[in-house]
Amino acid sequence: MAHRVVTVLTDGANPFEFSVACEVFGLRRPELGPPLYEHRLVGTGRRVRVNGGWHVELDDGLEALDDADTVVMPSAPLDLLPPQLVESLRAAHDRGARMVSFCSGVFALAAAGILDGRPAATHWMYVEELRRRHPTIQVDGEVLYVDDGRVLTSAGTAAALDLALHIVRLDHGPQMANQVARRMVVPPHRDGGQAQFAITPVAPAVGDDPLGPVLEWMVEHLDEQLTVAQMARLAAMSPRSFARRFKDLTGTSPVRWLQHQRIVRAQELLEVSDLSIEQIAHLVGLGTAANLRHHFRRVTATTPVAYRRRFRRDPAA
């Protein structure tokens with residue numbers, strides 16, 4: 001049986017955030033093989049009024065949480081949470097379900113006592129309010145998401161995509177997460193300048209942009225020492241114009257984007273190969289094990305060895 005994911009709606013839920021759960025966990029993708037998840041959308045009532053002035057009719061209520069493997073709590077009201085919702089979330093967590101929140105959904109998990117003493121993320125608008133209401137929670141207002149094992153929380157809106165794809169990678173590996181991301185045509189992964197323990201290995205989605213082939217070429221030549229001048233020539237631009245257009249497209253500089261892709265590739269190799277750290281450093285264009293360790297820790301806040309220990313997967317899989 002596929003992994004059961006249940007997403008819970010309350011009155012005032014944000015359509016974008018619960019749609020992320022429907023898209024990532026509920027959409028059928030036959031080209032990728034058997035369904036990755038069995039997804040159900042449930043509510044605190046069978047008819048829920050969501051943000052934007054429309055209603056969602058639901059087949060199931062909170063009883064669906066009784067056999068959920070993962071429970072997703074998208075945006076929720078900060079006040080007046082239905083008591084039955086809080087109790088159902090607490091019961092699901094106590095039973096061993098993985099608990100996930102997007103944006104203000106963190107307040108529902110907090111009300112259930114699930115986040116006491118744990119690190120958690122939420123939208124920057126709600127950081128201080130979450131700290132005020134729940135001082136035992138280790139609120140991190142800078143990261144896109146926090147993975148604390150069975151409890152995962154994200155910042156607002158698009159950060160839900162980052163966390164959802166991170167979950168796919170945890171469950172099914174980086175290659176599957178890449179394929180799901182490409183199918184969704186999502187933008188490049190945003191590190192937001194913050195250290196993420198596990199960076200979602202999402203390939204760039206640039207559509208028909210003229211820089212698309214250049215980005216693809218860069219990813220295919222990570223083991224080489226690439227220069228901005230070389231990339232600009234491939235794009236038939238001056239280095240200054242190339243750098244400006246590159247930042248408009250990706251949100252960062254060519255050098256930083258390239259370093260990010262090298263770390264992403266190193267993550268994949270650490271997860272699915274038996275290559276040494278030295279060999280991986282060479283394959284991703286970072287030269288030496290010491291150089292890889294330096295950049296890996298700077299980006300992910302952990303070491304290659306520790307990362308491999310946590311995310312090692314069977315190469316045959």
# chains A, B, ... in the order shown; residues from 1 in each chain; ligands from 1
call {"tool": "residues_around", "arguments": {"residues": "range 96-107 of chain A", "least_positions_apart": "6", "cutoff": "8 Å", "atoms": "only C-alpha atoms", "output": "PDB file with N, CA and C atoms, in the first residue's frame"}}
result
ATOM      1  N   GLU A  17      -1.282  26.700  -0.451  1.00  0.00           N
ATOM      2  CA  GLU A  17      -0.539  25.772   0.381  1.00  0.00           C
ATOM      3  C   GLU A  17      -1.148  24.379   0.400  1.00  0.00           C
ATOM      4  N   ALA A  68      -3.408   7.682   9.021  1.00  0.00           N
ATOM      5  CA  ALA A  68      -2.485   8.431   8.154  1.00  0.00           C
ATOM      6  C   ALA A  68      -1.044   8.127   8.515  1.00  0.00           C
ATOM      7  N   ASP A  69      -0.188   7.987   7.498  1.00  0.00           N
ATOM      8  CA  ASP A  69       1.256   7.862   7.725  1.00  0.00           C
ATOM      9  C   ASP A  69       1.897   9.241   7.868  1.00  0.00           C
ATOM     10  N   THR A  70       1.377  10.211   7.109  1.00  0.00           N
ATOM     11  CA  THR A  70       1.839  11.602   7.185  1.00  0.00           C
ATOM     12  C   THR A  70       0.627  12.510   7.246  1.00  0.00           C
ATOM     13  N   VAL A  71       0.653  13.477   8.144  1.00  0.00           N
ATOM     14  CA  VAL A  71      -0.419  14.464   8.263  1.00  0.00           C
ATOM     15  C   VAL A  71       0.155  15.825   7.888  1.00  0.00           C
ATOM     16  N   VAL A  72      -0.486  16.508   6.932  1.00  0.00           N
ATOM     17  CA  VAL A  72      -0.050  17.823   6.492  1.00  0.00           C
ATOM     18  C   VAL A  72      -1.049  18.855   6.990  1.00  0.00           C
ATOM     19  N   MET A  73      -0.530  19.851   7.710  1.00  0.00           N
ATOM     20  CA  MET A  73      -1.359  20.950   8.206  1.00  0.00           C
ATOM     21  C   MET A  73      -0.947  22.217   7.467  1.00  0.00           C
ATOM     22  N   PRO A  74      -1.683  22.601   6.395  1.00  0.00           N
ATOM     23  CA  PRO A  74      -1.352  23.859   5.714  1.00  0.00           C
ATOM     24  C   PRO A  74      -1.795  25.039   6.574  1.00  0.00           C
ATOM     25  N   SER A  75      -1.849  26.209   6.003  1.00  0.00           N
ATOM     26  CA  SER A  75      -2.162  27.410   6.788  1.00  0.00           C
ATOM     27  C   SER A  75      -3.439  27.209   7.589  1.00  0.00           C
ATOM     28  N   ALA A  76      -3.423  27.708   8.820  1.00  0.00           N
ATOM     29  CA  ALA A  76      -4.558  27.549   9.721  1.00  0.00           C
ATOM     30  C   ALA A  76      -4.734  28.836  10.511  1.00  0.00           C
ATOM     31  N   PRO A  77      -5.919  29.068  11.056  1.00  0.00           N
ATOM     32  CA  PRO A  77      -6.103  30.281  11.869  1.00  0.00           C
ATOM     33  C   PRO A  77      -5.248  30.230  13.122  1.00  0.00           C
ATOM     34  N   LEU A  78      -4.761  31.387  13.536  1.00  0.00           N
ATOM     35  CA  LEU A  78      -3.938  31.442  14.742  1.00  0.00           C
ATOM     36  C   LEU A  78      -4.794  31.283  15.997  1.00  0.00           C
ATOM     37  N   ALA A 120      11.479  24.733  14.847  1.00  0.00           N
ATOM     38  CA  ALA A 120      10.370  24.855  13.906  1.00  0.00           C
ATOM     39  C   ALA A 120      10.539  26.107  13.066  1.00  0.00           C
ATOM     40  N   ALA A 121       9.960  26.073  11.868  1.00  0.00           N
ATOM     41  CA  ALA A 121       9.966  27.222  10.955  1.00  0.00           C
ATOM     42  C   ALA A 121       8.541  27.675  10.728  1.00  0.00           C
ATOM     43  N   THR A 122       8.391  28.942  10.393  1.00  0.00           N
ATOM     44  CA  THR A 122       7.110  29.485   9.964  1.00  0.00           C
ATOM     45  C   THR A 122       7.381  30.733   9.130  1.00  0.00           C
ATOM     46  N   HIS A 123       6.342  31.307   8.583  1.00  0.00           N
ATOM     47  CA  HIS A 123       6.482  32.540   7.805  1.00  0.00           C
ATOM     48  C   HIS A 123       7.080  33.628   8.699  1.00  0.00           C
ATOM     49  N   TYR A 126       5.048  35.572  11.187  1.00  0.00           N
ATOM     50  CA  TYR A 126       4.495  34.926  12.382  1.00  0.00           C
ATOM     51  C   TYR A 126       5.557  34.516  13.392  1.00  0.00           C
ATOM     52  N   LEU A 130       4.691  33.361  17.192  1.00  0.00           N
ATOM     53  CA  LEU A 130       4.890  31.962  17.592  1.00  0.00           C
ATOM     54  C   LEU A 130       5.787  31.878  18.819  1.00  0.00           C
ATOM     55  N   ARG A 150      10.405  13.237  12.677  1.00  0.00           N
ATOM     56  CA  ARG A 150       8.981  12.981  12.431  1.00  0.00           C
ATOM     57  C   ARG A 150       8.148  14.254  12.397  1.00  0.00           C
ATOM     58  N   VAL A 151       8.756  15.405  12.654  1.00  0.00           N
ATOM     59  CA  VAL A 151       8.034  16.674  12.620  1.00  0.00           C
ATOM     60  C   VAL A 151       8.784  17.630  11.695  1.00  0.00           C
ATOM     61  N   LEU A 152       8.103  18.101  10.644  1.00  0.00           N
ATOM     62  CA  LEU A 152       8.724  18.980   9.653  1.00  0.00           C
ATOM     63  C   LEU A 152       7.847  20.205   9.473  1.00  0.00           C
ATOM     64  N   THR A 153       8.466  21.379   9.447  1.00  0.00           N
ATOM     65  CA  THR A 153       7.731  22.638   9.351  1.00  0.00           C
ATOM     66  C   THR A 153       8.368  23.525   8.302  1.00  0.00           C
ATOM     67  N   SER A 154       7.543  24.319   7.605  1.00  0.00           N
ATOM     68  CA  SER A 154       8.089  25.191   6.564  1.00  0.00           C
ATOM     69  C   SER A 154       7.682  26.624   6.802  1.00  0.00           C
ATOM     70  N   ALA A 155       8.408  27.518   6.148  1.00  0.00           N
ATOM     71  CA  ALA A 155       8.023  28.925   6.106  1.00  0.00           C
ATOM     72  C   ALA A 155       6.822  29.071   5.179  1.00  0.00           C
ATOM     73  N   GLY A 156       6.506  30.302   4.775  1.00  0.00           N
ATOM     74  CA  GLY A 156       5.259  30.544   4.083  1.00  0.00           C
ATOM     75  C   GLY A 156       5.263  30.279   2.596  1.00  0.00           C
ATOM     76  N   THR A 157       4.081  30.063   2.079  1.00  0.00           N
ATOM     77  CA  THR A 157       3.758  29.983   0.662  1.00  0.00           C
ATOM     78  C   THR A 157       4.711  29.071  -0.103  1.00  0.00           C
ATOM     79  N   ALA A 159       7.683  28.189   0.198  1.00  0.00           N
ATOM     80  CA  ALA A 159       8.532  27.292   0.977  1.00  0.00           C
ATOM     81  C   ALA A 159       7.862  25.949   1.190  1.00  0.00           C
ATOM     82  N   ALA A 160       6.529  25.904   1.068  1.00  0.00           N
ATOM     83  CA  ALA A 160       5.826  24.623   1.141  1.00  0.00           C
ATOM     84  C   ALA A 160       6.308  23.684   0.040  1.00  0.00           C
TER      85      ALA A 160
END
call {"tool": "residues_around", "arguments": {"residues": "Thr227 in chain A", "least_positions_apart": "4", "cutoff": "9 Å", "atoms": "only C-alpha atoms", "output": "list in words"}}
result
Met231, Ala232, Pro254 and Val255 of chain A
call {"tool": "closest_residue", "arguments": {"among": "A:Ala13, A:Leu36, A:Val146, A:Ala266", "to": "Arg49 in chain A", "atoms": "only C-alpha atoms"}}
result
A:Ala13
call {"tool": "select_by_dssp", "arguments": {"residues": "range 84-240 of chain A", "states": "alpha helix (DSSP H)", "output": "ChimeraX atom specification"}}
result
/A:84-95,106-111,127-133,159-172,174-184,212-220,228-234,239-240
call {"tool": "select_by_dssp", "arguments": {"residues": "range 46-257 of chain A", "states": "strand (DSSP E)", "output": "JSON, numbers by chain"}}
result
{"A": [47, 48, 49, 50, 54, 55, 56, 57, 70, 71, 72, 73, 98, 99, 100, 101, 102, 119, 120, 121, 138, 139, 140, 145, 146, 147, 148, 151, 152, 153, 154]}
call {"tool": "closest_residue", "arguments": {"among": "A:Asp162, A:Asp79, A:Asp140, A:Asp67", "to": "Val127 in chain A", "atoms": "only C-alpha atoms"}}
result
A:Asp140
call {"tool": "closest_residue", "arguments": {"among": "A:Gln230, A:Arg90, A:Leu81, A:Ala158", "to": "Asp66 in chain A", "atoms": "only C-alpha atoms"}}
result
A:Arg90
call {"tool": "atom_distance", "arguments": {"atom1": "CA of Val86 in chain A", "atom2": "CA of Val5 in chain A"}}
result
17.8 Å
